[in-house]
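Here's work_31.cif, which has mmCIF, C-alpha atoms:
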data_model
loop_
_atom_site.label_atom_id
_atom_site.label_comp_id
_atom_site.auth_asym_id
_atom_site.auth_seq_id
_atom_site.Cartn_x
_atom_site.Cartn_y
_atom_site.Cartn_z
CA MET A 6 -66.51 244.73 85.56
CA SER A 7 -65.71 241.25 86.74
CA ASP A 8 -66.48 238.15 84.72
CA GLN A 9 -68.78 236.97 87.51
CA VAL A 10 -70.93 240.15 87.34
CA MET A 11 -71.07 239.95 83.52
CA ALA A 12 -72.15 236.29 83.77
CA ILE A 13 -74.96 237.25 86.16
CA ASP A 14 -76.05 240.11 83.87
CA ARG A 15 -75.97 237.76 80.87
CA SER A 16 -77.97 235.16 82.81
CA ARG A 17 -80.57 237.75 83.83
CA ALA A 18 -80.82 239.01 80.26
CA LYS A 19 -81.40 235.45 79.01
CA ASP A 20 -84.03 234.90 81.71
CA LEU A 21 -85.83 238.16 80.84
CA ILE A 22 -85.79 237.32 77.15
CA ALA A 23 -87.18 233.83 77.85
CA ARG A 24 -89.97 235.28 80.01
CA GLY A 25 -90.73 237.89 77.35
CA GLN A 26 -90.96 235.22 74.67
CA LEU A 27 -93.19 233.09 76.91
CA THR A 28 -95.49 236.09 77.39
CA ILE A 29 -95.61 236.64 73.62
CA THR A 30 -96.54 232.98 73.13
CA ASN A 31 -99.22 233.12 75.84
CA VAL A 32 -100.83 236.22 74.31
CA SER A 33 -101.01 234.43 70.97
CA LEU A 34 -102.48 231.30 72.60
CA LEU A 35 -105.12 233.38 74.41
CA ALA A 36 -106.13 235.14 71.20
CA ASN A 37 -106.36 231.82 69.35
CA MET A 38 -108.35 230.20 72.16
CA ILE A 39 -110.89 233.02 72.18
CA GLN A 40 -111.21 232.94 68.39
CA ARG A 41 -111.64 229.14 68.37
CA ALA A 42 -114.30 229.32 71.10
CA ARG A 43 -116.24 231.97 69.15
CA GLN A 44 -115.95 229.98 65.92
CA GLU A 45 -117.12 226.80 67.65
CA VAL A 46 -120.28 228.56 68.86
CA GLN A 47 -120.98 229.76 65.32
CA THR A 48 -120.32 226.34 63.78
CA THR A 49 -122.41 224.38 66.28
CA PHE A 50 -125.21 226.96 66.09
CA GLU A 51 -125.32 226.54 62.30
CA ALA A 52 -125.47 222.76 62.70
CA ALA A 53 -128.28 223.02 65.26
CA ARG A 54 -130.19 225.48 63.09
CA GLU A 55 -129.85 223.32 59.97
CA GLN A 56 -131.09 220.30 61.90
CA ARG A 57 -134.16 222.26 63.01
CA VAL A 58 -134.74 223.68 59.52
CA TRP A 59 -134.75 220.21 57.96
CA ARG A 60 -137.03 218.93 60.71
CA ASP A 61 -139.47 221.74 59.92
CA LEU A 62 -139.17 221.19 56.15
CA ALA A 63 -140.08 217.54 56.66
CA ASP A 64 -143.37 218.75 58.16
CA ILE A 65 -144.23 221.23 55.38
CA SER A 66 -146.46 219.78 52.68
CA ILE A 67 -145.39 219.96 49.06
CA GLU A 68 -148.62 221.91 48.51
CA ARG A 69 -146.82 224.99 49.89
CA VAL A 70 -144.93 225.10 46.57
CA LYS A 71 -148.17 226.40 45.09
CA ASP A 72 -148.04 229.38 47.46
CA VAL A 73 -144.65 230.36 46.04
CA THR A 74 -145.47 229.64 42.39
CA GLY A 75 -148.94 231.15 42.34
CA GLY A 76 -150.71 227.78 42.30
CA ARG A 77 -149.92 227.00 38.67
CA LEU A 78 -148.16 223.67 39.21
CA ARG A 79 -149.77 220.24 39.35
CA LEU A 80 -148.11 218.33 42.15
CA GLY A 81 -150.20 215.15 42.26
CA VAL A 82 -147.72 213.20 40.18
CA LEU A 83 -144.94 214.07 42.66
CA ARG A 84 -147.02 212.70 45.52
CA GLN A 85 -147.44 209.45 43.61
CA TYR A 86 -143.65 209.12 43.75
CA ARG A 87 -143.57 209.74 47.51
CA LEU A 88 -142.47 213.36 47.28
CA GLU A 89 -144.82 214.71 49.93
CA THR A 90 -142.83 217.35 51.79
CA ILE A 91 -140.54 220.24 50.97
CA ALA A 92 -137.65 218.23 52.44
CA ASP A 93 -138.42 215.40 49.99
CA VAL A 94 -138.25 217.83 47.06
CA LEU A 95 -135.01 219.41 48.30
CA VAL A 96 -133.33 216.02 48.60
CA ALA A 97 -134.22 215.28 44.98
CA SER A 98 -132.40 217.25 42.30
CA PRO A 99 -134.25 218.81 39.35
CA SER A 100 -132.83 216.02 37.17
CA ASP A 101 -134.27 213.45 39.62
CA LEU A 102 -137.65 215.15 39.35
CA MET A 103 -137.48 215.05 35.52
CA THR A 104 -137.27 211.24 35.64
CA ILE A 105 -140.86 211.21 36.91
CA PRO A 106 -143.31 210.78 34.02
CA GLY A 107 -145.22 214.02 33.44
CA VAL A 108 -142.57 216.26 35.03
CA GLY A 109 -140.63 218.28 32.51
CA GLU A 110 -137.63 220.52 32.89
CA ALA A 111 -139.68 223.67 33.52
CA THR A 112 -141.79 222.05 36.23
CA ALA A 113 -138.79 220.41 37.89
CA THR A 114 -136.90 223.71 37.92
CA LYS A 115 -139.88 225.66 39.30
CA VAL A 116 -140.63 223.08 41.99
CA SER A 117 -136.98 222.92 43.08
CA ALA A 118 -136.62 226.72 43.11
CA ALA A 119 -139.85 227.11 45.11
CA ALA A 120 -138.75 224.48 47.63
CA ASP A 121 -135.38 226.21 47.98
CA GLN A 122 -137.11 229.54 48.54
CA ILE A 123 -139.22 227.95 51.27
CA ARG A 124 -136.03 226.48 52.80
CA ARG A 125 -134.39 229.92 52.85
CA THR A 126 -137.48 231.50 54.40
CA VAL A 127 -137.68 228.84 57.10
CA ARG A 128 -133.94 229.19 57.79
CA GLU A 129 -134.03 232.99 57.98
CA SER A 130 -137.07 233.07 60.23
CA MET A 131 -135.86 230.20 62.42
CA ARG A 132 -135.98 230.86 66.11
CA PHE A 133 -135.53 228.00 68.47
CA ARG A 134 -134.82 227.20 72.02
CA ILE A 135 -132.61 224.44 73.20
CA ASP A 136 -134.38 221.67 75.02
CA LEU A 137 -132.30 219.82 77.55
CA ASP A 138 -132.15 216.43 75.88
CA PRO A 139 -128.94 214.46 76.49
CA GLY A 140 -129.74 212.40 73.40
CA ASP A 141 -129.58 215.49 71.16
CA THR A 142 -125.86 215.54 70.40
CA VAL A 143 -126.07 218.68 68.25
CA ALA A 144 -127.79 220.73 70.97
CA THR A 145 -125.39 219.29 73.56
CA ALA A 146 -122.42 220.38 71.43
CA LEU A 147 -123.92 223.86 71.10
CA LEU A 148 -124.45 224.15 74.85
CA HIS A 149 -120.86 223.02 75.45
CA ALA A 150 -119.53 225.57 72.93
CA VAL A 151 -121.57 228.36 74.54
CA SER A 152 -120.28 227.35 77.96
CA VAL A 153 -116.66 227.51 76.77
CA TRP A 154 -117.31 230.86 75.07
CA GLU A 155 -118.84 232.26 78.26
CA THR A 156 -115.71 231.20 80.13
CA VAL A 157 -113.18 232.77 77.75
CA ARG A 158 -115.02 235.81 76.40
CA GLY A 159 -114.35 237.74 79.58
CA GLU A 160 -110.69 237.67 78.61
CA ALA A 161 -111.30 239.00 75.10
CA HIS A 162 -110.73 242.62 76.13
CA HIS A 163 -107.21 241.66 77.25
CA VAL A 164 -106.20 240.45 73.80
CA GLU A 165 -105.55 243.83 72.18
CA ALA A 166 -103.57 245.06 75.19
CA GLY A 167 -101.71 241.74 75.13
CA ARG A 168 -100.91 242.16 71.44
CA ASP A 169 -99.50 245.64 72.13
CA LEU A 170 -97.42 244.19 74.95
CA ALA A 171 -96.25 241.33 72.69
CA ARG A 172 -95.11 243.80 70.01
CA THR A 173 -93.19 245.83 72.59
CA LEU A 174 -91.67 242.71 74.16
CA SER A 175 -90.66 241.39 70.77
CA SER A 176 -88.74 244.58 70.06
CA LEU A 177 -87.17 244.62 73.52
CA CYS A 178 -86.18 240.95 73.31
CA ALA A 179 -84.51 241.56 69.96
CA GLY A 180 -82.59 244.50 71.46
CA ALA A 181 -81.55 242.48 74.51
CA ALA A 182 -80.39 239.44 72.53
CA PRO A 183 -76.77 240.66 72.16
CA ALA A 184 -76.48 241.18 75.93
CA ALA A 185 -77.79 237.68 76.59
CA ALA A 186 -75.36 236.22 74.08
CA GLY A 187 -72.42 238.03 75.68
CA ALA A 188 -71.62 239.77 72.42
CA LEU A 189 -71.13 243.15 74.06
CA ARG A 190 -67.62 244.23 75.05
CA ARG A 191 -66.96 246.83 77.68
#
Translate this file's structure into structure tokens.
Amino acid sequence: MSDQVMAIDRSRAKDLIARGQLTITNVSLLANMIQRARQEVQTTFEAAREQRVWRDLADISIERVKDVTGGRLRLGVLRQYRLETIADVLVASPSDLMTIPGVGEATATKVSAAADQIRRTVRESMRFRIDLDPGDTVATALLHAVSVWETVRGEAHHVEAGRDLARTLSSLCAGAAPAAAGALRR
């Protein structure tokens, strides 16, 4: 075989290997893009939910602690120190509560635990809709993340087939490398 034909075969082998490696890279990029889009929806949803939970907790009276504890706690002294909502109690630590005269360790622990239980209940039962408010940056970020996810999720079913193709191409590229390097002798 002439040197010219071998040079063309070597050039084609190099080109095929380069295209195979580009395809492998693109499959990986697609998989990463889909995973990032999904993760961004989850992250921004959690942020939006937490914002709504804390907004709701700021509207729930500290008196609800009695519902959780069976009504055995005296909460008047907490109100005197401007702890009026469940959010107020959650922001304060049990040690902060114990600095209030008349609040001991047992009361502080019970009040904090009850407030945390209310927080968990509110969080778990939280259902909300997104109001179109350009000033709400958290909801705007969530809507953007959902929009991106909607765009890329249609490609998600291609990822596994792409990974299979990438594994096959990787093996073929490795096998073709000697031909591209001109290492074969005829």
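With all atoms listed in the file as the basis for measurement, A:Thr49 is the residue among A:Ser130, A:Thr49, A:Ser117, A:Gln56 that approaches Thr145 (chain A) most closely.
You will find CA of Arg125 (chain A) at 12.3 Å from CA of Val73 (chain A).
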Minimum-distance residue to Leu148 (chain A), chosen among A:Gln47, A:Ala23, A:Asn37, A:Thr90 (using only C-alpha atoms)
A:Gln47
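Closest approach to Ile135 (chain A) from the set A:Arg24, A:Arg41, A:Arg57, A:Arg17 is made by A:Arg57, with distances taken over only C-alpha atoms.
Between CA of Asp61 (chain A) and CA of Glu45 (chain A) the separation is 24.2 Å.
The two atoms in question, CA of His162 (chain A) and CA of Leu177 (chain A), are spaced 23.8 Å apart.
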From the list A:Ile22, A:Ala53, A:Val46, A:Ala63, which residue is nearest Ala144 (chain A) when using only C-alpha atoms?
A:Ala53
Looking at A:Ala184, A:Ile67, A:Met103, A:Ala42, which one is nearest to His149 (chain A), with distances taken over only C-alpha atoms?
A:Ala42
Could you list, as a list in words, every residue matched by the PyMOL selection byres ((chain A and resi 174) around 10) in this structure?
Leu21, Ile22, Arg24, Gly25, Gln26, Thr28, Ile29, Arg168, Asp169, Leu170, Ala171, Arg172, Thr173, Ser175, Ser176, Leu177, Cys178, Ala179 and Gly180 of chain A
Kindly provide, as lines of an AutoDock Vina configuration file, the centre and edge lengths (Å, one decimal) of an axis-aligned box around all atoms of region 121-125 of chain A given in the file, with 6 Å on each side.
center_x = -136.8
center_y = 228.1
center_z = 50.4
size_x = 16.8
size_y = 15.7
size_z = 16.9
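Nearest residue to Gly167 (chain A), choosing from A:Ala18, A:Ile65, A:Ala36, A:Ile91 and counting all atoms listed in the file: A:Ala36.
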Within 9 Å of Glu68 (chain A), counting all atoms listed in the file, which residues qualify if same-chain residues fewer than 2 places away don't, as a PDB file with C-alpha atoms, in the frame of the given file?
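Writing done, so here's around_16.pdb:
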ATOM      1  CA  ILE A  65    -144.230 221.230  55.380  1.00  0.00           C
ATOM      2  CA  SER A  66    -146.460 219.780  52.680  1.00  0.00           C
ATOM      3  CA  VAL A  70    -144.930 225.100  46.570  1.00  0.00           C
ATOM      4  CA  LYS A  71    -148.170 226.400  45.090  1.00  0.00           C
ATOM      5  CA  ASP A  72    -148.040 229.380  47.460  1.00  0.00           C
ATOM      6  CA  GLY A  76    -150.710 227.780  42.300  1.00  0.00           C
ATOM      7  CA  LEU A  80    -148.110 218.330  42.150  1.00  0.00           C
ATOM      8  CA  GLU A  89    -144.820 214.710  49.930  1.00  0.00           C
ATOM      9  CA  THR A  90    -142.830 217.350  51.790  1.00  0.00           C
ATOM     10  CA  ILE A  91    -140.540 220.240  50.970  1.00  0.00           C
TER      11      ILE A  91
END
Apply the PyMOL selection byres ((chain A and resi 97) around 12) to the structure shown and report the selected residues as a compact mmCIF listing (two decimals) with C-alpha atoms, in the frame of the given file.
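So the final result, stored in expr.txt, reads:
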# COMPACT_ATOMS: atom_id res chain seq x y z
CA LEU A 83 -144.94 214.07 42.66
CA TYR A 86 -143.65 209.12 43.75
CA ARG A 87 -143.57 209.74 47.51
CA LEU A 88 -142.47 213.36 47.28
CA GLU A 89 -144.82 214.71 49.93
CA THR A 90 -142.83 217.35 51.79
CA ILE A 91 -140.54 220.24 50.97
CA ALA A 92 -137.65 218.23 52.44
CA ASP A 93 -138.42 215.40 49.99
CA VAL A 94 -138.25 217.83 47.06
CA LEU A 95 -135.01 219.41 48.30
CA VAL A 96 -133.33 216.02 48.60
CA SER A 98 -132.40 217.25 42.30
CA PRO A 99 -134.25 218.81 39.35
CA SER A 100 -132.83 216.02 37.17
CA ASP A 101 -134.27 213.45 39.62
CA LEU A 102 -137.65 215.15 39.35
CA MET A 103 -137.48 215.05 35.52
CA THR A 104 -137.27 211.24 35.64
CA ILE A 105 -140.86 211.21 36.91
CA ALA A 113 -138.79 220.41 37.89
CA THR A 114 -136.90 223.71 37.92
CA VAL A 116 -140.63 223.08 41.99
CA SER A 117 -136.98 222.92 43.08
CA ALA A 118 -136.62 226.72 43.11
CA ALA A 120 -138.75 224.48 47.63
CA ASP A 121 -135.38 226.21 47.98
Neighbour list for Ile39 (chain A) as a list of chain:residue names, cut-off 12 Å, only C-alpha atoms, skip fewer than 5 positions in-chain:
A:Val32, A:Ser33, A:Leu34, A:Gln44, A:Glu45, A:Val46, A:Ala150, A:Val151, A:Val153, A:Trp154, A:Glu155, A:Thr156, A:Val157, A:Arg158, A:Gly159, A:Glu160, A:Ala161, A:His162, A:His163, A:Val164
Please evaluate the PyMOL selection byres ((chain A and resi 54) around 10) against the structure above and give the resulting residues as a VMD selection string.
chain A and resid 48 to 53 55 to 60 128 to 129 131 to 133 143 to 144
Can I get the selected residues back with C-alpha atoms, as a short mmCIF file (atom, residue, chain, number, x, y, z; two decimals), in the frame of the given file?
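Saved the output as selection.cif:
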data_model
loop_
_atom_site.label_atom_id
_atom_site.label_comp_id
_atom_site.auth_asym_id
_atom_site.auth_seq_id
_atom_site.Cartn_x
_atom_site.Cartn_y
_atom_site.Cartn_z
CA THR A 48 -120.32 226.34 63.78
CA THR A 49 -122.41 224.38 66.28
CA PHE A 50 -125.21 226.96 66.09
CA GLU A 51 -125.32 226.54 62.30
CA ALA A 52 -125.47 222.76 62.70
CA ALA A 53 -128.28 223.02 65.26
CA GLU A 55 -129.85 223.32 59.97
CA GLN A 56 -131.09 220.30 61.90
CA ARG A 57 -134.16 222.26 63.01
CA VAL A 58 -134.74 223.68 59.52
CA TRP A 59 -134.75 220.21 57.96
CA ARG A 60 -137.03 218.93 60.71
CA ARG A 128 -133.94 229.19 57.79
CA GLU A 129 -134.03 232.99 57.98
CA MET A 131 -135.86 230.20 62.42
CA ARG A 132 -135.98 230.86 66.11
CA PHE A 133 -135.53 228.00 68.47
CA VAL A 143 -126.07 218.68 68.25
CA ALA A 144 -127.79 220.73 70.97
#
I need region 62-81 of chain A written out with N, CA, C and O atoms, as a compact mmCIF listing (two decimals), in the first residue's frame; please produce it.
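Ended up saving to selection.txt:
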# COMPACT_ATOMS: atom_id res chain seq x y z
N LEU A 62 -44.78 30.39 60.29
CA LEU A 62 -44.42 30.29 61.70
C LEU A 62 -44.46 31.65 62.39
O LEU A 62 -44.76 31.73 63.59
N ALA A 63 -44.19 32.70 61.65
CA ALA A 63 -44.25 34.05 62.20
C ALA A 63 -45.69 34.47 62.50
O ALA A 63 -45.92 35.42 63.24
N ASP A 64 -46.65 33.75 61.92
CA ASP A 64 -48.07 34.05 62.16
C ASP A 64 -48.70 33.14 63.19
O ASP A 64 -49.86 33.33 63.56
N ILE A 65 -47.97 32.13 63.66
CA ILE A 65 -48.54 31.17 64.63
C ILE A 65 -48.16 31.62 66.03
O ILE A 65 -46.99 31.75 66.37
N SER A 66 -49.17 31.82 66.84
CA SER A 66 -48.98 32.30 68.22
C SER A 66 -48.22 31.26 69.05
O SER A 66 -48.37 30.05 68.86
N ILE A 67 -47.47 31.77 69.99
CA ILE A 67 -46.73 30.91 70.91
C ILE A 67 -47.69 30.03 71.72
O ILE A 67 -47.30 28.98 72.23
N GLU A 68 -48.95 30.44 71.81
CA GLU A 68 -49.95 29.66 72.54
C GLU A 68 -50.12 28.25 71.95
O GLU A 68 -50.54 27.34 72.65
N ARG A 69 -49.79 28.07 70.69
CA ARG A 69 -49.89 26.74 70.06
C ARG A 69 -48.95 25.73 70.71
O ARG A 69 -49.15 24.53 70.60
N VAL A 70 -47.92 26.21 71.41
CA VAL A 70 -47.02 25.32 72.13
C VAL A 70 -47.82 24.50 73.15
O VAL A 70 -47.55 23.33 73.38
N LYS A 71 -48.84 25.13 73.72
CA LYS A 71 -49.68 24.42 74.68
C LYS A 71 -50.39 23.23 74.05
O LYS A 71 -50.62 22.21 74.70
N ASP A 72 -50.76 23.34 72.77
CA ASP A 72 -51.41 22.24 72.08
C ASP A 72 -50.49 21.01 72.01
O ASP A 72 -50.95 19.88 72.13
N VAL A 73 -49.22 21.27 71.83
CA VAL A 73 -48.24 20.19 71.69
C VAL A 73 -47.86 19.62 73.06
O VAL A 73 -47.64 18.42 73.21
N THR A 74 -47.80 20.48 74.06
CA THR A 74 -47.33 20.05 75.39
C THR A 74 -48.47 19.69 76.34
O THR A 74 -48.23 19.39 77.50
N GLY A 75 -49.68 19.74 75.87
CA GLY A 75 -50.80 19.40 76.74
C GLY A 75 -51.22 20.54 77.65
O GLY A 75 -51.90 20.32 78.65
N GLY A 76 -50.82 21.75 77.34
CA GLY A 76 -51.26 22.94 78.07
C GLY A 76 -50.62 23.14 79.41
O GLY A 76 -51.10 23.92 80.22
N ARG A 77 -49.53 22.44 79.71
CA ARG A 77 -48.94 22.51 81.04
C ARG A 77 -47.90 23.61 81.20
O ARG A 77 -47.34 23.76 82.27
N LEU A 78 -47.61 24.36 80.17
CA LEU A 78 -46.57 25.38 80.29
C LEU A 78 -47.19 26.77 80.44
O LEU A 78 -48.20 27.08 79.83
N ARG A 79 -46.52 27.59 81.26
CA ARG A 79 -46.93 28.99 81.40
C ARG A 79 -46.05 29.79 80.44
O ARG A 79 -44.83 29.78 80.55
N LEU A 80 -46.69 30.47 79.51
CA LEU A 80 -45.94 31.16 78.47
C LEU A 80 -45.97 32.68 78.60
O LEU A 80 -45.35 33.39 77.81
N GLY A 81 -46.66 33.19 79.61
CA GLY A 81 -46.79 34.63 79.77
C GLY A 81 -45.45 35.34 79.90
O GLY A 81 -45.25 36.42 79.33
